[in-house]
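Below is the file protein05.txt, which contains compact mmCIF, C-alpha atoms.
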```txt
# COMPACT_ATOMS: atom_id res chain seq x y z
CA MET A 1 1.03 15.67 -19.32
CA ASN A 2 -1.85 14.82 -17.03
CA LYS A 3 -2.07 16.33 -13.57
CA ILE A 4 -1.58 13.63 -10.95
CA ALA A 5 -2.26 13.58 -7.20
CA VAL A 6 -1.11 10.97 -4.71
CA LEU A 7 -3.32 10.58 -1.67
CA TYR A 8 -1.57 8.40 0.89
CA LYS A 9 -2.23 6.89 4.31
CA SER A 10 0.98 5.96 6.11
CA LYS A 11 1.15 4.53 9.60
CA TYR A 12 4.87 3.81 9.99
CA GLY A 13 6.38 5.82 7.12
CA ALA A 14 6.98 3.42 4.20
CA THR A 15 3.89 4.54 2.28
CA LYS A 16 4.87 8.19 2.73
CA LYS A 17 8.37 7.37 1.40
CA TYR A 18 6.78 5.89 -1.72
CA ALA A 19 4.51 8.93 -2.12
CA VAL A 20 7.59 11.17 -2.05
CA MET A 21 9.31 8.89 -4.61
CA LEU A 22 6.24 9.15 -6.87
CA LYS A 23 6.38 12.94 -6.55
CA GLU A 24 10.03 12.89 -7.64
CA GLU A 25 9.31 10.64 -10.63
CA LEU A 26 5.96 12.03 -11.81
CA ALA A 27 6.12 15.67 -10.67
CA CYS A 28 2.78 15.10 -8.96
CA ASP A 29 1.20 16.57 -5.86
CA ILE A 30 1.06 14.45 -2.71
CA TYR A 31 -1.41 14.69 0.15
CA ASP A 32 -1.72 12.90 3.46
CA ALA A 33 -5.11 11.19 3.38
CA ALA A 34 -6.06 12.94 6.63
CA ALA A 35 -6.24 16.19 4.63
CA TYR A 36 -8.58 14.75 1.97
CA LYS A 37 -11.28 17.36 2.65
CA THR A 38 -8.97 20.14 1.46
CA VAL A 39 -7.85 18.44 -1.77
CA ARG A 40 -9.29 20.00 -4.93
CA PHE A 41 -9.69 16.74 -6.84
CA GLU A 42 -11.29 18.49 -9.82
CA LYS A 43 -7.90 19.80 -10.95
CA TYR A 44 -6.43 16.29 -11.33
CA ASP A 45 -6.76 13.77 -14.15
CA CYS A 46 -5.30 10.88 -12.18
CA ILE A 47 -5.47 9.99 -8.50
CA ILE A 48 -3.08 7.44 -7.03
CA PHE A 49 -4.25 6.18 -3.67
CA ALA A 50 -1.48 4.64 -1.56
CA GLY A 51 -2.00 2.81 1.71
CA GLY A 52 -0.24 0.34 3.92
CA ILE A 53 -1.55 -3.14 4.53
CA TYR A 54 -2.10 -4.17 8.15
CA ALA A 55 -3.53 -7.57 9.11
CA GLY A 56 -4.88 -7.92 5.58
CA GLY A 57 -6.68 -4.58 5.56
CA MET A 58 -5.54 -1.58 3.54
CA ALA A 59 -5.19 1.64 5.52
CA GLY A 60 -7.23 4.61 4.38
CA LEU A 61 -9.63 2.87 2.01
CA ASN A 62 -12.47 4.41 4.01
CA ILE A 63 -11.23 7.82 2.83
CA LEU A 64 -11.07 6.69 -0.79
CA ARG A 65 -14.65 5.49 -0.48
CA LYS A 66 -15.72 8.86 0.97
CA VAL A 67 -14.36 10.75 -2.06
CA TYR A 68 -15.04 8.09 -4.67
CA ASP A 69 -18.22 9.69 -6.03
CA ARG A 70 -16.28 12.94 -6.59
CA ILE A 71 -13.41 11.23 -8.44
CA ARG A 72 -14.97 8.18 -10.10
CA GLN A 73 -14.61 9.73 -13.59
CA LYS A 74 -10.88 10.17 -13.11
CA ARG A 75 -8.12 7.59 -13.52
CA ILE A 76 -7.76 6.00 -10.11
CA ILE A 77 -4.86 3.71 -9.25
CA ILE A 78 -4.32 1.82 -6.00
CA LEU A 79 -0.84 1.32 -4.52
CA CYS A 80 -0.62 -1.05 -1.59
CA VAL A 81 2.47 -1.15 0.64
CA GLY A 82 3.27 -4.15 2.83
CA ALA A 83 6.09 -5.85 4.68
CA SER A 84 5.79 -9.13 2.80
CA PRO A 85 7.64 -9.86 -0.43
CA PHE A 86 5.54 -9.87 -3.59
CA ASP A 87 3.55 -13.08 -3.86
CA GLU A 88 0.92 -13.22 -6.59
CA LYS A 89 -1.51 -15.33 -4.56
CA ALA A 90 -1.20 -13.16 -1.42
CA VAL A 91 -1.56 -9.92 -3.40
CA ALA A 92 -4.67 -11.29 -5.14
CA GLU A 93 -6.16 -12.07 -1.72
CA VAL A 94 -5.42 -8.55 -0.49
CA LYS A 95 -7.07 -7.08 -3.58
CA THR A 96 -10.14 -9.31 -3.28
CA ARG A 97 -10.51 -8.56 0.42
CA ASN A 98 -10.11 -4.80 0.13
CA LEU A 99 -11.35 -3.72 -3.30
CA LYS A 100 -15.03 -4.51 -3.33
CA LYS A 101 -17.88 -3.15 -5.42
CA ASP A 102 -16.85 -0.02 -7.37
CA LEU A 103 -13.19 -0.36 -6.43
CA HIS A 104 -12.86 -3.96 -7.66
CA ASP A 105 -11.67 -3.17 -11.19
CA LEU A 106 -9.23 -0.40 -10.33
CA PRO A 107 -5.58 -0.93 -11.30
CA PHE A 108 -3.79 -2.35 -8.25
CA PHE A 109 -0.07 -2.41 -7.49
CA TYR A 110 1.86 -3.80 -4.53
CA VAL A 111 5.28 -2.75 -3.25
CA ARG A 112 7.30 -3.93 -0.30
CA GLY A 113 7.67 -1.48 2.58
CA ALA A 114 9.42 -1.82 5.92
CA TRP A 115 9.39 -3.65 9.24
CA ASN A 116 10.34 -2.29 12.64
CA GLU A 117 8.68 -3.81 15.69
CA LYS A 118 10.06 -1.03 17.93
CA CYS A 119 7.98 1.54 16.03
CA MET A 120 4.77 -0.52 16.06
CA THR A 121 1.88 0.19 18.34
CA PHE A 122 1.42 -2.24 21.19
CA LYS A 123 -1.61 -3.71 19.41
CA ASP A 124 0.22 -4.22 16.09
CA ARG A 125 3.28 -5.67 17.79
CA THR A 126 1.12 -8.07 19.84
CA MET A 127 -0.83 -9.22 16.78
CA CYS A 128 2.38 -9.80 14.82
CA ARG A 129 3.93 -11.79 17.66
CA MET A 130 0.82 -13.95 17.98
CA LEU A 131 0.87 -14.60 14.24
CA GLN A 132 4.59 -15.40 14.34
CA LYS A 133 4.01 -17.93 17.14
CA MET A 134 1.21 -19.61 15.17
CA ILE A 135 3.37 -19.81 12.05
CA ALA A 136 6.40 -21.10 13.99
CA ARG A 137 4.34 -24.14 15.03
CA GLN A 138 3.63 -25.09 11.41
CA ASP A 139 5.70 -27.41 9.29
CA GLU A 140 8.09 -25.17 7.31
CA ALA A 141 7.18 -26.90 4.05
CA SER A 142 3.55 -25.81 4.43
CA CYS A 143 4.41 -22.14 5.03
CA GLU A 144 3.62 -19.54 2.39
CA PRO A 145 6.51 -17.22 1.37
CA TRP A 146 5.08 -14.33 3.40
CA MET A 147 4.97 -16.55 6.49
CA LYS A 148 8.66 -17.43 6.18
CA GLU A 149 9.53 -13.75 5.72
CA LEU A 150 7.49 -12.78 8.77
CA LEU A 151 9.44 -15.25 10.87
CA ASN A 152 12.72 -14.09 9.35
CA ALA A 153 12.00 -10.42 10.14
CA GLN A 154 11.29 -11.09 13.80
CA GLY A 155 13.35 -8.76 16.00
CA LYS A 156 14.98 -7.04 13.01
CA VAL A 157 14.67 -3.61 11.48
CA CYS A 158 14.13 -3.98 7.74
CA ASP A 159 13.53 -1.35 5.06
CA TRP A 160 12.73 -2.69 1.59
CA THR A 161 11.48 0.63 0.19
CA ASP A 162 13.19 1.23 -3.13
CA LYS A 163 12.35 3.38 -6.13
CA LYS A 164 12.80 0.36 -8.42
CA ASN A 165 9.78 -1.24 -6.71
CA LEU A 166 7.69 1.51 -8.30
CA LEU A 167 8.68 0.64 -11.88
CA PRO A 168 5.43 -1.24 -12.69
CA ILE A 169 3.18 1.59 -11.50
CA LEU A 170 5.39 4.24 -13.13
CA THR A 171 5.29 2.35 -16.41
CA TYR A 172 1.49 2.07 -16.14
CA VAL A 173 0.96 5.73 -15.33
CA ARG A 174 3.25 6.94 -18.10
CA ALA A 175 1.67 4.62 -20.68
CA GLU A 176 -1.78 6.00 -19.86
CA GLN A 177 -0.79 9.66 -20.23
```

Mind turning this structure into structure tokens?
Amino acid sequence: MNKIAVLYKSKYGATKKYAVMLKEELACDIYDAAAYKTVRFEKYDCIIFAGGIYAGGMAGLNILRKVYDRIRQKRIIILCVGASPFDEKAVAEVKTRNLKKDLHDLPFFYVRGAWNEKCMTFKDRTMCRMLQKMIARQDEASCEPWMKELLNAQGKVCDWTDKKNLLPILTYVRAEQ
């Protein structure tokens, strides 16, 4: 079996939960992305990079780019964690926006995370509320699925993290071993 490492960047905890779930399923090592300088990437065959999505940007991609030259010959897989339900169009936009140049062709997976406004930073909470107000003014028929879910989650604590959400990435990783 190939040696696998998960390098994750988690702001509110959902991405870390998924990293732990991957460790349980794949018997891999997990590292907080902040410790990337201490990771001995040479001992791994596969690197899974996991990061949360915030305002369309994927957390921690700057760290992946810093180590990319050291790991480019390895199997690299991207796992993106967000509060929105899976929507093919929205996920494609996230991939296009975040995975540019060398990262563009990397395998990319999306899983649903969590939502808790009480845990958000003031900045994140303010941005979300502004977005919710803008969406609330739109005709409901013109709203994308993620927009409806954002309005529905307002004021609630939601946790959609679930090991079954990882099935596509687990299937992919196991098929490539």

When distances are computed from all atoms listed in the file, which of A:Val81, A:Cys158, A:Ala14, A:Ile4 shows the smallest separation from Leu26 of chain A?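 Closest candidate: A:Ile4.
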
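When atom CA of Lys118 of chain A is paired with atom CA of Trp160 of chain A, their separation reads 16.6 Å.
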
Using all atoms listed in the file, which protein or nucleic acid residues come within 10 Å of Ala35 of chain A? Drop anything in the same chain fewer than 4 positions from it, and give the result as a ChimeraX atom specification. /A:7-8,31,39,63

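If you look at atom CA of Gly60 of chain A and atom CA of Pro107 of chain A, they are 16.7 Å away from each other.
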
Which is closest to Gly82 of chain A among A:Leu61, A:Met134, A:Leu150, A:Val6, if we use only C-alpha atoms?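 Ranked by minimum distance to Gly82 of chain A, first place goes to A:Leu150.
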
Nearest to Leu166 of chain A among A:Leu79, A:Leu103, A:Val67, A:Ile48, with distances taken over all atoms listed in the file: which residue is it?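 Of all the options, A:Leu79 lies closest to Leu166 of chain A.
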
Can you tell me how far atom CA of Asp32 of chain A sits from atom CA of Cys128 of chain A, in Å to one decimal?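 Rounded to one decimal, the two atoms are 25.7 Å apart.
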
Would you please work out which residue, of A:Ile169, A:Ile30, A:Ala50, A:Ala55, is nearest to Thr126 of chain A when using only C-alpha atoms?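 Of A:Ile169, A:Ile30, A:Ala50, A:Ala55, the one nearest Thr126 of chain A is A:Ala55, counting only C-alpha atoms.
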
Using all atoms of segment 105-122 of chain A listed in the file and a margin of 6 Å per side, can you give the axis-aligned box centre and edge lengths in Å to one decimal, as JSON?
```
{"center_x": -0.7, "center_y": -1.2, "center_z": 4.9, "size_x": 34.0, "size_y": 17.5, "size_z": 44.5}
```

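Ranking A:Glu88, A:Phe41, A:Gly52, A:Glu144 by their shortest atom-to-atom distance to Lys9 of chain A, with only C-alpha atoms included, puts A:Gly52 first.
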
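Counting all atoms listed in the file, segment 170-177 of chain A has the following residues at most 10 Å away, ignoring those fewer than 6 positions along the same chain: Met1, Asn2, Lys3, Ile4, Leu22, Glu25, Leu26, Asp45, Cys46, Ile48, Arg75, Ile77, Pro107, Phe109, Lys163 and Lys164 of chain A.
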
In the coordinates of the file, take the point (6.7, -10.0, 8.5) and a cut-off of 10 Å; then, counting only C-alpha atoms, name each qualifying protein, DNA or RNA residue as a PyMOL selection string. chain A and resi 82-85+114-117+128-129+131-132+146-154+156+158
